Structures are given as structure tokens and as C-alpha cells.
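Single-structure report; data block below.
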There are 2 protein chains.
Amino acid sequence: MSSPSAPEAHDGPVDQRYTVAVIGGTGPQGKGLGYRFAKAGHTVVLGSRSAERAGPVAAEVTERLAGVRGAGEVSGAANADACAAADVVLLAVPYDGHAELVEALPLAGKTVISCVNPLAFDKRGAHGRVIDGGEGSAAEEAQRLQPEATVVGAFHNVSAVLLWGEDDVLDEDVLVVGDLADAKAVAMDLAAALTGRRGIDGGKLRLARQLEPFTAVLISINRKYKTHAGLRITGV
Amino acid sequence: MSSPSAPEAHDGPVDQRYTVAVIGGTGPQGKGLGYRFAKAGHTVVLGSRSAERAGPVAAEVTERLAGVRGAGEVSGAANADACAAADVVLLAVPYDGHAELVEALPLAGKTVISCVNPLAFDKRGAHGRVIDGGEGSAAEEAQRLQPEATVVGAFHNVSAVLLWGEDDVLDEDVLVVGDLADAKAVAMDLAAALTGRRGIDGGKLRLARQLEPFTAVLISINRKYKTHAGLRITGV
């Protein structure tokens, strides 16, 4: 149902190759995203609090990529060193401790992609944490703490299990929100590493308030239907 | 990717027929949903503040259904009379004035489905309104105001244009949230009138906090891509 005047958003994979630092690169989400990015030819630096923790995970991902033609290099580093080595920094960390961690990173001038999901869990299941009285999100917090960086939100809703799984291409869409088109374009390009098509421009950065806690709905669906649910946008 | 232990949630249309009162039945969302429900054989009472306004819209929908085999009857009534005639009440009203309207309706003992989207618009586009400091939603407000009713949230993200359009079956999924399985099952059944398959159980009622403002993301996508975007859940 694409219209002739629609922007070129579903051109399929693009040729641009990035160097991506993955902060939280030893966690399941960060490791899975790093694996997919490298598989598609991007260079990946998995960051961790200590280089010693990052190294073995980078080695594990590198081993998994053995024989994949055109795969990018994967290395491990301490978080700050990972940032220094990259133009694009993916924040894939838990929301607990988020502010302290983001504040301390050398992110000035970088394109920063946040996939941080501020969630809470109780006996009724997963739900969104209230950030700034309902008028904030992890991505906006990162932008506020790092005014010299350009923060976008993306990759919130992708299952770590599927990222590390065997499917060549994930069925879902990657939604990207942000206030600057150039930075959004980077995340939309990177999305093709997962889904085989560019990410979808979901609007302004403040709509991260919607993308982040939507993960709670997917977790509820996973629990009910014993699956790894994802989000796809129809009509685009 | 359905698993053998998954609940029977995608059985396709069910035989159960409901009588549904659509509050806000003369607005585009209410009229479109009423049309789809009646097309699938449910009886529909379009409610409005005055029966005089509802009658002509009911006649328009009835005319559109002429020749549709098995279509349900569509009539118009004042809101309170519409509720009295139905077991299932769909709230399809703007959030402005929501509390006063819901409080005044005779909803005790009814299954109430809220598709109310509390949105705000400014020069940066659509975004979610903050309800109860981020810890509320229109659906939860309706439940609080009508403790003798059972409120579920559903149909938030379906385009009015597509509802009233020519497509026999909409491509998207209907997500249903609520605290009581029986009431959720009603909305999941009714979803088949739109999509040809049952709605998806999205979890507890409080997750309406996520479904309602997600519509702002779809509105952003519509604007960018000149489309009528919808939501589909992969993996179920």
C-alpha cells in the first residue's frame, strides 16, 4: 500500500557500513544486536564495564560468524574505549543505573541509539516504569544528559532470543524515533541487518515514551502464547 | 511459529453473535467499527447524544450493508438507550469529556470495550496525553468510574479510513487488554469482524497505558509515509 509520494524507506539493505559500539554488549540484547550488525558487515565493538568481560563475548560472537562472508569484525573493550572507537553508540543497558552510566560515557558528537526499556515487574506481569511523571523516557533522559550527542530510540521491541537465533531475517519491523533525520537514518540503516529492510521512521524522540513500555505488552503476549512476539507495521 | 501449547487464539471467526452499543457511533471510528461488526453478523446500536443524530448514520450504515448476506441489524439511539439494549458497550468517544460521559451511562453489568485514545497534538505532531501522572489510561478511568462494569481496552489502533474502506479483511491485529478473561474474549471475538481472526490477548488492563498512546506513533507514520498504518504482532 505504498504511495508514490512516500519516502524511500523500504529500499532493503543499504551499502553504508558503520562502526558501532554496543554499550551493554555482554547482555543478551546487546550481544544479539552486535551479532546481527556484524553479520551484515558492520564493525562492532562490544563494550562492558571491563574489557576483560567484553573480550570473551566478542570471541563468542566472532566464532559464531566464522564462515559468514562479508561479516564485520567484532572486538571487546571497556565502555569508554568502545565509544571512542565508534561513530555510532548503541545503549543496550538496563534502566537501573542508566543515568549514571550514560552521564559518564564520552558521547559528545556521536549518534547514540537507545534501546533501553524502563520496565517493572510484579505479580500482574510486566509494565512500563513511569519516567518524569509520564513525560519522559530513557532515550530523552540520555539526550538530556548528553546534549552534545544526538540520541534516537530504536530496537526496543526485538527479542534477544530471535536476535541470537537461527532465522536469517526477522519478521518484525524496527521503529526509529528521533528529532534529527540524519541520526534516524543511521538506525534505520542498521535495522536492515535484522529484518532485511530499513527501519520505519516512527516520529519524534518523545515518542520513545511509547516504544519503550510497549515491550511490556510483548512480554505479556510471550507469556500467554509461549512465543517471541514482535511488532510489524502494516500499510507501509 | 505457533507452539503446540499456545491457547486457541487464532481460530478465525467465531459463531457467537453479540448486540453491541457503540457510544460515539456517529464519529468515524465508532461508525467504522459498527459497520464492520454488523457486516460480520452482530447487531449494532449506534449511540449518540441524541437519537435524532444517530438515526441518519444508522441508515447510512444499513444502506452500505444492503445485499451483505448475514449482516446484523443497525439502529440508532440515544446513548443511554443504546446501552440498555446491549450486553456489550463500545466506548468510541474523544477523551475530552470522557469522564462525564462514562459516569452518566448505565453500564453496570455490561462488558465495556474502550478504544478511547487520549492524544494531544502540537507542532511536533501527535503524542500521548499524560493520564494520572503516567499511571492511568482512559480504559482504567472508565473502570474506576463504573466499578460494576467490566472494562477492557481494544481497537485503539485501527484506522477509521480502513474500517469504512473497501478491504474485506484488515491486515492488522487487534490487541485486547483487560483483567477478566471472559470480557477479553468478547473483544477478541469481535476483532474477527475486522481482521478475519481473533484479537490477541495483550495482558492486563493497565497495559491500556501502552495501547492508547501508541496511536500517536501510527499517526506519525501515516503523516510521514502517506498511509494508514496499523499494528501486527509477529510470532503469534
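Letters for chains follow the order of the C-alpha cells (A, B, ...), residue numbers begin at 1 for each chain, and ligand numbers begin at 1 in the order shown.
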Write out as a ChimeraX atom specification every residue belonging to chain A that has an atom at most 8 Å from any atom of chain B, counting only C-alpha atoms.
/A:1-3,5-7,124,127,130,133-135,171-172,200-204,206-207,210-211,213-214,216-218,220-221,224-236
Step one, run DSSP on the backbone; step two, keep only residues of segment 5-220 of chain B assigned to strand (DSSP E); then write them as a count of residues only.
44
Spatial neighbours of Ala66 of chain A, max dist 12 Å, only C-alpha atoms, sep filter under 6 positions, as a PyMOL selection string:
chain A and resi 35+38-39+59-60+72-74
If we count only C-alpha atoms, what is near Arg144 of chain B at a cut-off of 10 Å, once residues fewer than 5 positions away on the same chain are taken out, given as number ranges by chain?
B: 99, 103, 138-139, 149, 151
Find the spatial neighbours of segment 67-71 of chain A, counting only C-alpha atoms, within a cut-off of 10 Å - ignore same-chain residues fewer than 5 positions away - and output them as a list in words.
Tyr35, Arg36, Phe37, Ala38, Lys39, Ala40, Gly41, His42, Thr43 and Thr62 of chain A
Would you please give, as an MDAnalysis selection string, all residues of segment 1-231 of chain A that DSSP assigns to alpha helix (DSSP H) based on the backbone?
chainID A and resid 28:39 51:64 79:84 98:104 138:145 160:163 181:195 208:225
Output file for the residues above (C-alpha atoms, as a PDB file, in the first residue's frame):
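What landed in selection14.pdb:
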```
ATOM      1  CA  PRO A  28      21.600 -10.742  25.679  1.00  0.00           C
ATOM      2  CA  GLN A  29      20.119  -7.757  23.800  1.00  0.00           C
ATOM      3  CA  GLY A  30      23.451  -6.076  23.155  1.00  0.00           C
ATOM      4  CA  LYS A  31      25.191  -9.275  22.172  1.00  0.00           C
ATOM      5  CA  GLY A  32      22.336 -10.249  19.852  1.00  0.00           C
ATOM      6  CA  LEU A  33      22.223  -6.855  18.153  1.00  0.00           C
ATOM      7  CA  GLY A  34      26.017  -6.782  17.833  1.00  0.00           C
ATOM      8  CA  TYR A  35      25.932 -10.225  16.235  1.00  0.00           C
ATOM      9  CA  ARG A  36      23.341  -9.130  13.665  1.00  0.00           C
ATOM     10  CA  PHE A  37      25.147  -5.890  12.868  1.00  0.00           C
ATOM     11  CA  ALA A  38      28.458  -7.689  12.327  1.00  0.00           C
ATOM     12  CA  LYS A  39      26.780 -10.414  10.274  1.00  0.00           C
ATOM     13  CA  ALA A  51      37.474  -5.030  28.823  1.00  0.00           C
ATOM     14  CA  GLU A  52      38.090  -8.413  30.469  1.00  0.00           C
ATOM     15  CA  ARG A  53      34.387  -9.198  30.445  1.00  0.00           C
ATOM     16  CA  ALA A  54      33.872  -7.957  26.896  1.00  0.00           C
ATOM     17  CA  GLY A  55      36.685  -9.961  25.312  1.00  0.00           C
ATOM     18  CA  PRO A  56      35.258 -13.461  25.738  1.00  0.00           C
ATOM     19  CA  VAL A  57      31.814 -12.372  24.475  1.00  0.00           C
ATOM     20  CA  ALA A  58      33.393 -10.760  21.420  1.00  0.00           C
ATOM     21  CA  ALA A  59      35.264 -14.015  20.844  1.00  0.00           C
ATOM     22  CA  GLU A  60      31.998 -15.970  21.117  1.00  0.00           C
ATOM     23  CA  VAL A  61      30.304 -13.725  18.530  1.00  0.00           C
ATOM     24  CA  THR A  62      33.352 -13.878  16.258  1.00  0.00           C
ATOM     25  CA  GLU A  63      33.271 -17.658  16.420  1.00  0.00           C
ATOM     26  CA  ARG A  64      29.588 -17.675  15.560  1.00  0.00           C
ATOM     27  CA  ASN A  79      32.692   1.027  27.557  1.00  0.00           C
ATOM     28  CA  ALA A  80      34.556   4.328  27.233  1.00  0.00           C
ATOM     29  CA  ASP A  81      37.105   2.836  24.818  1.00  0.00           C
ATOM     30  CA  ALA A  82      34.296   1.305  22.782  1.00  0.00           C
ATOM     31  CA  CYS A  83      32.680   4.736  22.401  1.00  0.00           C
ATOM     32  CA  ALA A  84      35.950   6.323  21.361  1.00  0.00           C
ATOM     33  CA  HIS A  98      21.159   4.203  33.291  1.00  0.00           C
ATOM     34  CA  ALA A  99      21.630   7.866  34.205  1.00  0.00           C
ATOM     35  CA  GLU A 100      24.982   7.346  35.951  1.00  0.00           C
ATOM     36  CA  LEU A 101      26.310   5.204  33.137  1.00  0.00           C
ATOM     37  CA  VAL A 102      25.196   7.497  30.304  1.00  0.00           C
ATOM     38  CA  GLU A 103      26.496  10.588  32.063  1.00  0.00           C
ATOM     39  CA  ALA A 104      29.961   9.080  32.328  1.00  0.00           C
ATOM     40  CA  ALA A 138      15.120   6.579  28.786  1.00  0.00           C
ATOM     41  CA  ALA A 139      16.026   7.966  25.359  1.00  0.00           C
ATOM     42  CA  GLU A 140      15.049  11.518  26.333  1.00  0.00           C
ATOM     43  CA  GLU A 141      16.988  11.134  29.570  1.00  0.00           C
ATOM     44  CA  ALA A 142      20.103  10.129  27.613  1.00  0.00           C
ATOM     45  CA  GLN A 143      19.649  13.144  25.333  1.00  0.00           C
ATOM     46  CA  ARG A 144      19.296  15.465  28.309  1.00  0.00           C
ATOM     47  CA  LEU A 145      22.410  14.048  29.976  1.00  0.00           C
ATOM     48  CA  ALA A 160      17.071 -11.241  22.256  1.00  0.00           C
ATOM     49  CA  VAL A 161      16.252 -14.892  21.639  1.00  0.00           C
ATOM     50  CA  LEU A 162      15.427 -14.243  17.990  1.00  0.00           C
ATOM     51  CA  LEU A 163      18.469 -11.993  17.569  1.00  0.00           C
ATOM     52  CA  ALA A 181      16.685  12.927  10.340  1.00  0.00           C
ATOM     53  CA  ASP A 182      20.379  12.095   9.802  1.00  0.00           C
ATOM     54  CA  ALA A 183      20.655  10.265  13.097  1.00  0.00           C
ATOM     55  CA  LYS A 184      17.394   8.425  12.499  1.00  0.00           C
ATOM     56  CA  ALA A 185      18.709   7.356   9.097  1.00  0.00           C
ATOM     57  CA  VAL A 186      21.655   5.594  10.777  1.00  0.00           C
ATOM     58  CA  ALA A 187      19.360   3.487  12.954  1.00  0.00           C
ATOM     59  CA  MET A 188      17.062   2.836  10.002  1.00  0.00           C
ATOM     60  CA  ASP A 189      20.071   1.601   8.003  1.00  0.00           C
ATOM     61  CA  LEU A 190      21.231  -0.638  10.832  1.00  0.00           C
ATOM     62  CA  ALA A 191      17.752  -2.125  11.143  1.00  0.00           C
ATOM     63  CA  ALA A 192      18.251  -3.787   7.771  1.00  0.00           C
ATOM     64  CA  ALA A 193      20.850  -6.027   9.428  1.00  0.00           C
ATOM     65  CA  LEU A 194      17.990  -7.624  11.395  1.00  0.00           C
ATOM     66  CA  THR A 195      14.996  -7.503   9.121  1.00  0.00           C
ATOM     67  CA  ALA A 208      10.176   6.797  22.785  1.00  0.00           C
ATOM     68  CA  ARG A 209       7.678   7.108  25.670  1.00  0.00           C
ATOM     69  CA  GLN A 210       5.504   4.792  23.635  1.00  0.00           C
ATOM     70  CA  LEU A 211       8.103   2.431  22.146  1.00  0.00           C
ATOM     71  CA  GLU A 212       9.910   1.661  25.401  1.00  0.00           C
ATOM     72  CA  PRO A 213       6.996   0.410  27.507  1.00  0.00           C
ATOM     73  CA  PHE A 214       5.332  -1.331  24.561  1.00  0.00           C
ATOM     74  CA  THR A 215       7.838  -4.071  25.310  1.00  0.00           C
ATOM     75  CA  ALA A 216       5.692  -4.854  28.366  1.00  0.00           C
ATOM     76  CA  VAL A 217       2.799  -5.740  26.038  1.00  0.00           C
ATOM     77  CA  LEU A 218       5.055  -8.041  24.018  1.00  0.00           C
ATOM     78  CA  ILE A 219       6.283  -9.720  27.211  1.00  0.00           C
ATOM     79  CA  SER A 220       2.653 -10.330  28.215  1.00  0.00           C
ATOM     80  CA  ILE A 221       1.941 -11.838  24.803  1.00  0.00           C
ATOM     81  CA  ASN A 222       5.072 -14.013  25.035  1.00  0.00           C
ATOM     82  CA  ARG A 223       3.933 -15.367  28.349  1.00  0.00           C
ATOM     83  CA  LYS A 224       0.395 -16.075  27.190  1.00  0.00           C
ATOM     84  CA  TYR A 225       1.176 -17.546  23.793  1.00  0.00           C
TER      85      TYR A 225
END
```
Find the residue from B:Asp122, B:Val116, B:Val176, B:Leu65 that sits nearest to Gly97 of chain B; use only C-alpha atoms when measuring.
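The closest residue to Gly97 of chain B is B:Val116.
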As an exercise, work out the distance from atom CA of Leu90 of chain A to atom CA of Asp15 of chain A in Å and give it to one decimal place.
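Value for the atom CA of Leu90 of chain A-atom CA of Asp15 of chain A distance: 19.7 Å.
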Separation of atom CA of Ala154 of chain B from atom CA of Ala86 of chain B, in Å and rounded to one decimal:
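Going from atom CA of Ala154 of chain B over to atom CA of Ala86 of chain B covers 17.9 Å.
Note that the spacing between atom CA of Leu91 of chain A and atom CA of Gln16 of chain A amounts to 20.7 Å.
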